[in-house]
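Asker: Below is the structure I would like to discuss, written out as C-alpha coordinates.
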Amino acid sequence: MQPSRCCPFCAIAITLASAIAAAHVAPAVDDNNRYLKLTPLGDRVRIAYTVFFGEVPGATERKAIDANGDGQISEAEGHAFGVALAGKIAAGLDVTLDGMVRPIRWSAIDVGMGTPNVAAGAFSVDLVAYACFARPLGRHRIVVRDRFAIARPGETEARVEDSPDIEIVHARVGRLDDPMHDYILAGPGALEDGFDLELVAGDRAVVVPDADCPAIASSHAIPVLPIALAGAAGLAGASWILVRRRRKRA
(Lines give C-alpha, C1' and ligand atoms only; values in the text may rest on other atoms or scores of the structure.)
Protein backbone atom coordinates (compact mmCIF):
# COMPACT_ATOMS: atom_id res chain seq x y z
CA MET A 1 0.00 0.00 0.00
CA GLN A 2 1.12 3.56 -0.67
CA PRO A 3 1.11 6.40 1.88
CA SER A 4 -2.21 8.22 1.98
CA ARG A 5 -0.66 11.40 0.55
CA CYS A 6 2.62 12.49 -1.00
CA CYS A 7 5.05 14.86 0.72
CA PRO A 8 8.77 15.74 0.74
CA PHE A 9 9.19 13.53 3.80
CA CYS A 10 7.73 10.45 2.10
CA ALA A 11 11.07 9.06 0.89
CA ILE A 12 12.23 8.90 4.49
CA ALA A 13 8.83 7.61 5.64
CA ILE A 14 8.78 4.78 3.11
CA THR A 15 12.35 3.79 4.00
CA LEU A 16 11.50 3.71 7.68
CA ALA A 17 8.24 1.88 7.07
CA SER A 18 10.14 -0.92 5.40
CA ALA A 19 12.30 -1.12 8.52
CA ILE A 20 9.24 -1.97 10.60
CA ALA A 21 8.59 -5.14 8.65
CA ALA A 22 12.24 -6.09 8.82
CA ALA A 23 12.12 -5.78 12.60
CA HIS A 24 9.15 -8.13 13.06
CA VAL A 25 9.74 -11.31 14.97
CA ALA A 26 8.07 -14.56 13.94
CA PRO A 27 4.27 -14.39 14.28
CA ALA A 28 2.53 -16.03 17.20
CA VAL A 29 0.25 -18.99 16.63
CA ASP A 30 -2.80 -18.05 18.71
CA ASP A 31 -2.13 -14.41 19.65
CA ASN A 32 -1.92 -11.00 18.05
CA ASN A 33 1.20 -8.96 18.87
CA ARG A 34 1.67 -5.22 18.56
CA TYR A 35 4.67 -2.94 18.26
CA LEU A 36 4.99 0.76 19.09
CA LYS A 37 8.16 2.51 17.96
CA LEU A 38 8.93 6.18 18.58
CA THR A 39 11.58 7.84 16.42
CA PRO A 40 12.42 11.34 17.71
CA LEU A 41 13.63 13.85 15.12
CA GLY A 42 14.45 17.53 15.31
CA ASP A 43 10.94 18.75 14.56
CA ARG A 44 8.70 15.79 15.39
CA VAL A 45 8.34 12.30 16.77
CA ARG A 46 7.55 9.58 14.27
CA ILE A 47 5.02 7.09 15.65
CA ALA A 48 5.09 3.63 14.07
CA TYR A 49 2.41 1.20 15.18
CA THR A 50 2.15 -2.38 13.96
CA VAL A 51 -0.37 -5.13 14.62
CA PHE A 52 0.93 -8.60 13.77
CA PHE A 53 -1.95 -11.04 13.52
CA GLY A 54 -1.00 -14.60 14.53
CA GLU A 55 -1.54 -17.70 12.43
CA VAL A 56 -4.94 -18.67 13.87
CA PRO A 57 -6.51 -15.20 14.30
CA GLY A 58 -4.94 -14.13 11.01
CA ALA A 59 -6.70 -16.98 9.19
CA THR A 60 -10.01 -15.92 10.73
CA GLU A 61 -9.50 -12.27 9.77
CA ARG A 62 -8.62 -13.19 6.19
CA LYS A 63 -12.04 -14.79 5.68
CA ALA A 64 -13.73 -11.58 6.78
CA ILE A 65 -11.44 -9.41 4.63
CA ASP A 66 -12.36 -11.37 1.47
CA ALA A 67 -15.53 -9.35 0.87
CA ASN A 68 -16.44 -10.93 -2.49
CA GLY A 69 -15.69 -14.48 -1.37
CA ASP A 70 -13.40 -15.35 -4.29
CA GLY A 71 -10.71 -16.87 -2.07
CA GLN A 72 -8.21 -14.07 -2.81
CA ILE A 73 -7.66 -10.82 -0.93
CA SER A 74 -7.37 -7.96 -3.38
CA GLU A 75 -5.35 -4.83 -2.72
CA ALA A 76 -8.56 -2.86 -2.27
CA GLU A 77 -9.96 -5.38 0.22
CA GLY A 78 -6.73 -5.39 2.21
CA HIS A 79 -6.52 -1.60 2.24
CA ALA A 80 -10.15 -1.27 3.37
CA PHE A 81 -9.37 -3.55 6.30
CA GLY A 82 -6.25 -1.52 7.11
CA VAL A 83 -8.15 1.78 7.04
CA ALA A 84 -10.86 0.41 9.34
CA LEU A 85 -8.29 -0.97 11.78
CA ALA A 86 -6.30 2.28 11.67
CA GLY A 87 -9.41 4.21 12.70
CA LYS A 88 -9.98 1.94 15.71
CA ILE A 89 -6.35 2.21 16.79
CA ALA A 90 -6.33 6.01 16.42
CA ALA A 91 -9.45 6.22 18.59
CA GLY A 92 -7.65 4.24 21.30
CA LEU A 93 -4.38 6.22 21.26
CA ASP A 94 -3.88 9.26 23.47
CA VAL A 95 -0.85 11.29 22.40
CA THR A 96 0.29 14.22 24.55
CA LEU A 97 3.17 16.32 23.21
CA ASP A 98 4.67 19.02 25.42
CA GLY A 99 1.51 19.02 27.50
CA MET A 100 -0.88 19.34 24.54
CA VAL A 101 -3.14 16.52 23.29
CA ARG A 102 -2.47 15.73 19.63
CA PRO A 103 -4.88 13.85 17.36
CA ILE A 104 -3.59 10.87 15.42
CA ARG A 105 -3.61 11.19 11.62
CA TRP A 106 -2.01 8.25 9.86
CA SER A 107 0.37 9.23 7.05
CA ALA A 108 0.88 5.63 5.96
CA ILE A 109 -1.27 2.50 6.16
CA ASP A 110 0.45 -0.63 4.89
CA VAL A 111 -1.22 -4.05 4.95
CA GLY A 112 1.32 -6.83 4.53
CA MET A 113 -0.58 -9.98 3.62
CA GLY A 114 2.44 -11.83 2.32
CA THR A 115 0.08 -13.85 0.14
CA PRO A 116 -3.44 -12.91 -1.02
CA ASN A 117 -4.64 -16.46 -0.35
CA VAL A 118 -7.55 -16.48 2.11
CA ALA A 119 -6.43 -19.91 3.33
CA ALA A 120 -3.15 -18.45 4.66
CA GLY A 121 -2.59 -17.21 8.22
CA ALA A 122 -0.44 -14.48 9.78
CA PHE A 123 -0.18 -10.95 8.38
CA SER A 124 0.62 -7.45 9.61
CA VAL A 125 -0.72 -3.91 9.42
CA ASP A 126 1.86 -1.09 9.70
CA LEU A 127 0.81 2.48 10.51
CA VAL A 128 2.82 5.70 10.65
CA ALA A 129 1.89 9.07 12.14
CA TYR A 130 3.81 12.19 13.23
CA ALA A 131 3.55 14.33 16.36
CA CYS A 132 5.03 17.73 15.44
CA PHE A 133 6.78 20.13 17.81
CA ALA A 134 5.56 23.71 18.03
CA ARG A 135 9.22 24.69 17.61
CA PRO A 136 12.04 22.52 16.26
CA LEU A 137 14.96 21.34 18.37
CA GLY A 138 15.31 21.71 22.11
CA ARG A 139 13.66 19.74 24.90
CA HIS A 140 10.37 17.90 24.33
CA ARG A 141 8.22 15.26 25.96
CA ILE A 142 5.72 12.89 24.40
CA VAL A 143 3.46 10.43 26.21
CA VAL A 144 1.58 7.77 24.23
CA ARG A 145 -1.18 5.82 25.98
CA ASP A 146 -2.67 2.88 24.11
CA ARG A 147 -6.22 1.85 24.99
CA PHE A 148 -6.90 -0.05 21.77
CA ALA A 149 -8.46 -3.38 22.75
CA ILE A 150 -6.63 -5.80 20.49
CA ALA A 151 -8.28 -9.20 20.14
CA ARG A 152 -6.35 -12.17 21.55
CA PRO A 153 -3.53 -9.96 22.90
CA GLY A 154 -0.06 -11.44 23.02
CA GLU A 155 3.13 -9.41 23.37
CA THR A 156 3.42 -5.64 23.12
CA GLU A 157 6.80 -4.11 22.33
CA ALA A 158 7.45 -0.42 22.97
CA ARG A 159 10.82 1.05 22.04
CA VAL A 160 12.67 4.17 20.98
CA GLU A 161 14.68 4.20 17.76
CA ASP A 162 18.06 5.93 17.56
CA SER A 163 18.24 9.23 15.69
CA PRO A 164 21.05 11.72 14.94
CA ASP A 165 21.82 14.28 17.67
CA ILE A 166 18.91 13.21 19.89
CA GLU A 167 19.57 12.80 23.62
CA ILE A 168 17.07 10.55 25.41
CA VAL A 169 16.41 11.97 28.88
CA HIS A 170 14.11 9.06 29.71
CA ALA A 171 11.90 6.51 27.98
CA ARG A 172 9.64 4.88 30.54
CA VAL A 173 6.63 2.59 30.59
CA GLY A 174 4.78 3.41 33.77
CA ARG A 175 7.46 3.26 36.49
CA LEU A 176 9.71 0.96 34.47
CA ASP A 177 12.85 2.65 33.13
CA ASP A 178 14.91 0.39 30.87
CA PRO A 179 18.23 1.98 29.80
CA MET A 180 17.89 0.15 26.46
CA HIS A 181 14.55 1.93 25.87
CA ASP A 182 13.04 -1.36 24.72
CA TYR A 183 10.17 -3.05 26.56
CA ILE A 184 8.40 -6.34 25.93
CA LEU A 185 5.10 -6.46 27.79
CA ALA A 186 2.18 -8.87 28.08
CA GLY A 187 -1.48 -8.28 28.82
CA PRO A 188 -4.39 -6.37 27.27
CA GLY A 189 -3.55 -3.09 29.04
CA ALA A 190 0.20 -3.12 28.35
CA LEU A 191 0.50 0.59 27.50
CA GLU A 192 -2.45 2.10 29.33
CA ASP A 193 -0.02 3.74 31.77
CA GLY A 194 1.74 5.30 28.81
CA PHE A 195 5.07 5.23 26.99
CA ASP A 196 6.74 8.39 28.30
CA LEU A 197 9.62 9.80 26.23
CA GLU A 198 11.57 12.95 27.06
CA LEU A 199 14.31 14.10 24.70
CA VAL A 200 16.61 16.92 23.74
CA ALA A 201 17.07 17.57 20.00
CA GLY A 202 20.44 19.14 19.21
CA ASP A 203 21.36 21.46 16.34
CA ARG A 204 22.19 18.55 14.01
CA ALA A 205 18.91 16.71 14.57
CA VAL A 206 16.79 16.03 11.47
CA VAL A 207 14.40 18.88 10.57
CA VAL A 208 12.31 18.43 7.41
CA PRO A 209 9.34 20.84 7.06
CA ASP A 210 6.60 19.18 5.02
CA ALA A 211 2.86 18.59 4.78
CA ASP A 212 2.85 16.58 8.02
CA CYS A 213 4.44 19.40 10.04
CA PRO A 214 3.64 22.52 7.97
CA ALA A 215 4.03 25.01 10.83
CA ILE A 216 7.72 24.24 11.27
CA ALA A 217 10.07 26.73 9.63
CA SER A 218 13.81 26.28 9.98
CA SER A 219 17.01 27.21 8.18
CA HIS A 220 18.75 24.10 9.53
CA ALA A 221 20.36 21.89 6.92
CA ILE A 222 18.83 18.44 6.55
CA PRO A 223 21.39 15.79 7.52
CA VAL A 224 21.40 12.24 6.21
CA LEU A 225 19.17 10.05 8.35
CA PRO A 226 21.15 6.92 9.35
CA ILE A 227 18.41 5.38 11.48
CA ALA A 228 19.66 2.23 13.23
CA LEU A 229 17.14 -0.47 13.90
CA ALA A 230 17.32 -1.19 17.02
CA GLY A 231 14.24 -8.09 32.78
CA ALA A 232 12.42 -5.94 34.98
CA ALA A 233 9.68 -7.18 37.30
CA GLY A 234 5.98 -6.47 36.77
CA LEU A 235 4.29 -3.89 38.97
CA ALA A 236 1.94 -5.03 41.71
CA GLY A 237 -1.70 -4.48 40.75
CA ALA A 238 -0.91 -3.57 37.16
CA SER A 239 -2.83 -5.07 34.24
CA TRP A 240 0.36 -6.16 32.44
CA ILE A 241 3.78 -7.57 33.14
CA LEU A 242 7.19 -7.05 31.63
CA VAL A 243 8.06 -10.46 30.26
CA ARG A 244 11.62 -9.95 29.05
CA ARG A 245 14.09 -7.50 27.56
CA ARG A 246 14.92 -7.99 23.93
CA ARG A 247 18.39 -7.30 22.60
CA LYS A 248 18.74 -4.08 20.74
CA ARG A 249 18.56 -4.96 17.06
CA ALA A 250 21.43 -4.01 14.80
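In the C-alpha coordinates, chains take the letters A, B, ... in the order shown, each chain's residues start at 1, and ligands count up from 1 in the order shown.
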Within range 127-193 of chain A, find each residue whose DSSP state, derived from the backbone, is strand (DSSP E or B), and express the selection as a JSON list (two decimals) with N, CA and C atoms, in the first residue's frame.
Answerer:
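Final output, saved to result20.json:
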[["chain", "number", "residue", "atom", "x", "y", "z"],
["A", 127, "LEU", "N", 1.35, 1.12, 10.54],
["A", 127, "LEU", "CA", 0.81, 2.48, 10.51],
["A", 127, "LEU", "C", 1.89, 3.47, 10.92],
["A", 128, "VAL", "N", 1.86, 4.66, 10.32],
["A", 128, "VAL", "CA", 2.82, 5.70, 10.65],
["A", 128, "VAL", "C", 2.09, 7.02, 10.82],
["A", 129, "ALA", "N", 2.41, 7.73, 11.91],
["A", 129, "ALA", "CA", 1.89, 9.07, 12.14],
["A", 129, "ALA", "C", 3.02, 9.93, 12.70],
["A", 130, "TYR", "N", 2.80, 11.27, 12.73],
["A", 130, "TYR", "CA", 3.81, 12.19, 13.23],
["A", 130, "TYR", "C", 3.19, 13.12, 14.26],
["A", 131, "ALA", "N", 3.92, 13.32, 15.36],
["A", 131, "ALA", "CA", 3.55, 14.33, 16.36],
["A", 131, "ALA", "C", 4.57, 15.45, 16.23],
["A", 132, "CYS", "N", 4.13, 16.64, 15.80],
["A", 132, "CYS", "CA", 5.03, 17.73, 15.44],
["A", 132, "CYS", "C", 5.24, 18.70, 16.60],
["A", 138, "GLY", "N", 15.56, 21.47, 20.70],
["A", 138, "GLY", "CA", 15.31, 21.71, 22.11],
["A", 138, "GLY", "C", 14.71, 20.50, 22.83],
["A", 139, "ARG", "N", 14.18, 20.78, 24.01],
["A", 139, "ARG", "CA", 13.66, 19.74, 24.90],
["A", 139, "ARG", "C", 12.17, 19.52, 24.65],
["A", 140, "HIS", "N", 11.77, 18.24, 24.58],
["A", 140, "HIS", "CA", 10.37, 17.90, 24.33],
["A", 140, "HIS", "C", 10.01, 16.63, 25.08],
["A", 141, "ARG", "N", 8.71, 16.47, 25.29],
["A", 141, "ARG", "CA", 8.22, 15.26, 25.96],
["A", 141, "ARG", "C", 6.96, 14.79, 25.27],
["A", 142, "ILE", "N", 6.90, 13.49, 25.00],
["A", 142, "ILE", "CA", 5.72, 12.89, 24.40],
["A", 142, "ILE", "C", 5.31, 11.69, 25.24],
["A", 143, "VAL", "N", 4.01, 11.57, 25.48],
["A", 143, "VAL", "CA", 3.46, 10.43, 26.21],
["A", 143, "VAL", "C", 2.39, 9.79, 25.32],
["A", 144, "VAL", "N", 2.54, 8.50, 25.05],
["A", 144, "VAL", "CA", 1.58, 7.77, 24.23],
["A", 144, "VAL", "C", 0.91, 6.71, 25.10],
["A", 145, "ARG", "N", -0.40, 6.83, 25.25],
["A", 145, "ARG", "CA", -1.18, 5.82, 25.98],
["A", 145, "ARG", "C", -2.04, 5.06, 24.98],
["A", 146, "ASP", "N", -1.99, 3.75, 25.07],
["A", 146, "ASP", "CA", -2.67, 2.88, 24.11],
["A", 146, "ASP", "C", -3.81, 2.15, 24.80],
["A", 153, "PRO", "N", -4.80, -10.67, 22.73],
["A", 153, "PRO", "CA", -3.53, -9.96, 22.90],
["A", 153, "PRO", "C", -2.40, -10.89, 23.32],
["A", 154, "GLY", "N", -1.27, -10.71, 22.66],
["A", 154, "GLY", "CA", -0.06, -11.44, 23.02],
["A", 154, "GLY", "C", 0.95, -10.46, 23.59],
["A", 155, "GLU", "N", 2.11, -10.33, 22.92],
["A", 155, "GLU", "CA", 3.13, -9.41, 23.37],
["A", 155, "GLU", "C", 2.91, -8.01, 22.81],
["A", 156, "THR", "N", 3.35, -7.02, 23.58],
["A", 156, "THR", "CA", 3.42, -5.64, 23.12],
["A", 156, "THR", "C", 4.86, -5.17, 23.30],
["A", 157, "GLU", "N", 5.46, -4.69, 22.23],
["A", 157, "GLU", "CA", 6.80, -4.11, 22.33],
["A", 157, "GLU", "C", 6.70, -2.60, 22.17],
["A", 158, "ALA", "N", 7.36, -1.87, 23.06],
["A", 158, "ALA", "CA", 7.45, -0.42, 22.97],
["A", 158, "ALA", "C", 8.93, -0.05, 23.03],
["A", 159, "ARG", "N", 9.41, 0.71, 22.05],
["A", 159, "ARG", "CA", 10.82, 1.05, 22.04],
["A", 159, "ARG", "C", 11.05, 2.38, 21.35],
["A", 160, "VAL", "N", 12.24, 2.92, 21.60],
["A", 160, "VAL", "CA", 12.67, 4.17, 20.98],
["A", 160, "VAL", "C", 13.78, 3.84, 19.99],
["A", 166, "ILE", "N", 20.05, 13.25, 18.97],
["A", 166, "ILE", "CA", 18.91, 13.21, 19.89],
["A", 166, "ILE", "C", 19.40, 12.59, 21.21],
["A", 167, "GLU", "N", 19.26, 13.33, 22.29],
["A", 167, "GLU", "CA", 19.57, 12.80, 23.62],
["A", 167, "GLU", "C", 18.27, 12.34, 24.28],
["A", 168, "ILE", "N", 18.24, 11.08, 24.71],
["A", 168, "ILE", "CA", 17.07, 10.55, 25.41],
["A", 168, "ILE", "C", 17.24, 10.82, 26.90],
["A", 169, "VAL", "N", 16.38, 11.68, 27.44],
["A", 169, "VAL", "CA", 16.41, 11.97, 28.88],
["A", 169, "VAL", "C", 15.84, 10.78, 29.64],
["A", 170, "HIS", "N", 14.67, 10.30, 29.20],
["A", 170, "HIS", "CA", 14.11, 9.06, 29.71],
["A", 170, "HIS", "C", 13.12, 8.50, 28.70],
["A", 171, "ALA", "N", 12.90, 7.19, 28.79],
["A", 171, "ALA", "CA", 11.90, 6.51, 27.98],
["A", 171, "ALA", "C", 11.30, 5.44, 28.87],
["A", 172, "ARG", "N", 10.21, 5.73, 29.52],
["A", 172, "ARG", "CA", 9.64, 4.88, 30.54],
["A", 172, "ARG", "C", 8.28, 4.32, 30.12],
["A", 173, "VAL", "N", 7.98, 3.15, 30.66],
["A", 173, "VAL", "CA", 6.63, 2.59, 30.59],
["A", 173, "VAL", "C", 6.14, 2.49, 32.02],
["A", 176, "LEU", "N", 8.58, 1.71, 34.99],
["A", 176, "LEU", "CA", 9.71, 0.96, 34.47],
["A", 176, "LEU", "C", 10.60, 1.87, 33.63],
["A", 182, "ASP", "N", 13.70, -0.29, 25.48],
["A", 182, "ASP", "CA", 13.04, -1.36, 24.72],
["A", 182, "ASP", "C", 12.31, -2.27, 25.71],
["A", 183, "TYR", "N", 10.98, -2.31, 25.60],
["A", 183, "TYR", "CA", 10.17, -3.05, 26.56],
["A", 183, "TYR", "C", 9.33, -4.10, 25.84],
["A", 184, "ILE", "N", 9.30, -5.29, 26.40],
["A", 184, "ILE", "CA", 8.40, -6.34, 25.93],
["A", 184, "ILE", "C", 7.42, -6.61, 27.05],
["A", 185, "LEU", "N", 6.14, -6.39, 26.78],
["A", 185, "LEU", "CA", 5.10, -6.46, 27.79],
["A", 185, "LEU", "C", 4.06, -7.49, 27.39],
["A", 186, "ALA", "N", 3.26, -7.93, 28.36],
["A", 186, "ALA", "CA", 2.18, -8.87, 28.08],
["A", 186, "ALA", "C", 0.93, -8.41, 28.81]]
Asker: I'd like the contact shell of Gly82 in chain A - 8 Å cut-off, only C-alpha atoms, skipping same-chain residues fewer than 2 positions apart - returned as a list in words.
Answerer: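 The neighbour list is Gly78, His79, Ala80, Ala84, Leu85, Ala86, Ile109, Asp110, Val111 and Val125 of chain A.
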Asker: Write out the residues from the selection above, keeping all heavy atoms, as a short mmCIF file (atom, residue, chain, number, x, y, z; two decimals), in the first residue's frame.
Answerer:
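Listing of selection_32.cif after writing:
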data_model
loop_
_atom_site.label_atom_id
_atom_site.label_comp_id
_atom_site.auth_asym_id
_atom_site.auth_seq_id
_atom_site.Cartn_x
_atom_site.Cartn_y
_atom_site.Cartn_z
N GLY A 78 -7.72 -5.51 1.14
CA GLY A 78 -6.73 -5.39 2.21
C GLY A 78 -6.63 -3.98 2.73
O GLY A 78 -6.56 -3.75 3.95
N HIS A 79 -6.64 -3.00 1.82
CA HIS A 79 -6.52 -1.60 2.24
C HIS A 79 -7.76 -1.18 3.04
O HIS A 79 -7.63 -0.43 4.03
CB HIS A 79 -6.35 -0.70 1.02
CG HIS A 79 -6.10 0.73 1.38
ND1 HIS A 79 -4.97 1.14 2.07
CD2 HIS A 79 -6.84 1.85 1.17
CE1 HIS A 79 -5.02 2.45 2.25
NE2 HIS A 79 -6.14 2.90 1.73
N ALA A 80 -8.93 -1.61 2.64
CA ALA A 80 -10.15 -1.27 3.37
C ALA A 80 -10.07 -1.79 4.81
O ALA A 80 -10.46 -1.10 5.75
CB ALA A 80 -11.36 -1.85 2.66
N ALA A 84 -9.93 0.62 8.23
CA ALA A 84 -10.86 0.41 9.34
C ALA A 84 -10.12 0.16 10.64
O ALA A 84 -10.46 0.72 11.69
CB ALA A 84 -11.80 -0.74 9.02
N LEU A 85 -9.08 -0.68 10.58
CA LEU A 85 -8.29 -0.97 11.78
C LEU A 85 -7.56 0.28 12.25
O LEU A 85 -7.51 0.56 13.47
CB LEU A 85 -7.29 -2.08 11.49
CG LEU A 85 -6.40 -2.49 12.68
CD1 LEU A 85 -7.23 -3.10 13.80
CD2 LEU A 85 -5.32 -3.48 12.22
N ALA A 86 -7.02 1.05 11.32
CA ALA A 86 -6.30 2.28 11.67
C ALA A 86 -7.20 3.25 12.42
O ALA A 86 -6.76 3.92 13.36
CB ALA A 86 -5.75 2.94 10.41
N ILE A 109 -0.56 3.71 5.74
CA ILE A 109 -1.27 2.50 6.16
C ILE A 109 -0.83 1.39 5.22
O ILE A 109 -1.12 1.44 4.01
CB ILE A 109 -2.80 2.68 6.09
CG1 ILE A 109 -3.25 3.83 6.99
CG2 ILE A 109 -3.52 1.38 6.46
CD1 ILE A 109 -4.73 4.19 6.85
N ASP A 110 -0.11 0.43 5.73
CA ASP A 110 0.45 -0.63 4.89
C ASP A 110 -0.01 -1.99 5.40
O ASP A 110 0.30 -2.36 6.55
CB ASP A 110 1.98 -0.55 4.89
CG ASP A 110 2.60 -1.61 3.99
OD1 ASP A 110 2.23 -1.66 2.80
OD2 ASP A 110 3.44 -2.36 4.47
N VAL A 111 -0.73 -2.72 4.58
CA VAL A 111 -1.22 -4.05 4.95
C VAL A 111 -0.34 -5.08 4.27
O VAL A 111 -0.32 -5.19 3.04
CB VAL A 111 -2.69 -4.23 4.54
CG1 VAL A 111 -3.20 -5.62 4.96
CG2 VAL A 111 -3.56 -3.15 5.17
N VAL A 125 -0.26 -5.23 9.85
CA VAL A 125 -0.72 -3.91 9.42
C VAL A 125 0.22 -2.89 10.07
O VAL A 125 0.34 -2.84 11.30
CB VAL A 125 -2.17 -3.63 9.84
CG1 VAL A 125 -2.58 -2.21 9.43
CG2 VAL A 125 -3.11 -4.66 9.22
#
Asker: Please list as a list in words every residue within 9 Å of Asp203 in chain A, counting only C-alpha atoms and excluding residues in the same chain fewer than 6 positions away.
Answerer: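 After dropping sequence-adjacent residues, the list is Gly42, Leu137, Gly138, Asp165 and His220 of chain A.
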Asker: Restrict the selected residues to N, CA and C atoms and save them as an mmCIF file, in the first residue's frame.
Answerer:
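again-v6.cif, freshly written:
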data_model
loop_
_atom_site.group_PDB
_atom_site.id
_atom_site.type_symbol
_atom_site.label_atom_id
_atom_site.label_comp_id
_atom_site.auth_asym_id
_atom_site.auth_seq_id
_atom_site.Cartn_x
_atom_site.Cartn_y
_atom_site.Cartn_z
ATOM 1 N N GLY A 42 14.271 16.167 14.836
ATOM 2 C CA GLY A 42 14.454 17.530 15.308
ATOM 3 C C GLY A 42 13.194 18.353 15.369
ATOM 4 N N LEU A 137 13.806 21.474 17.498
ATOM 5 C CA LEU A 137 14.956 21.340 18.366
ATOM 6 C C LEU A 137 14.585 21.602 19.824
ATOM 7 N N GLY A 138 15.560 21.466 20.699
ATOM 8 C CA GLY A 138 15.314 21.707 22.113
ATOM 9 C C GLY A 138 14.710 20.505 22.832
ATOM 10 N N ASP A 165 21.787 13.130 16.767
ATOM 11 C CA ASP A 165 21.825 14.281 17.674
ATOM 12 C C ASP A 165 20.571 14.395 18.543
ATOM 13 N N HIS A 220 17.781 25.167 9.285
ATOM 14 C CA HIS A 220 18.754 24.102 9.527
ATOM 15 C C HIS A 220 18.901 23.219 8.293
#
Asker: From a DSSP pass on the backbone, collect the residues of range 35-241 of chain A flagged as helix (DSSP H, G or I) and hand them back as number ranges by chain.
Answerer: A: 55-65, 75-92
Asker: Work out how far apart CA of Pro188 in chain A and CA of Val51 in chain A are and give it in Å to one decimal.
Answerer: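 Interatomic distance here is 13.3 Å.
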Asker: Need the shell around Ala151 in chain A: protein/DNA/RNA residues with any atom at most 12 Å away, counting only C-alpha atoms. Skip same-chain ones fewer than 4 positions apart. Format as a list of chain:residue names?
Answerer: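 With the cut-off at 12 Å, the set is A:Asp30, A:Asp31, A:Asn32, A:Asn33, A:Arg34, A:Val51, A:Phe52, A:Phe53, A:Gly54, A:Val56, A:Pro57, A:Gly58, A:Thr60, A:Glu61, A:Leu85, A:Glu155, A:Gly187, A:Pro188, A:Gly189.
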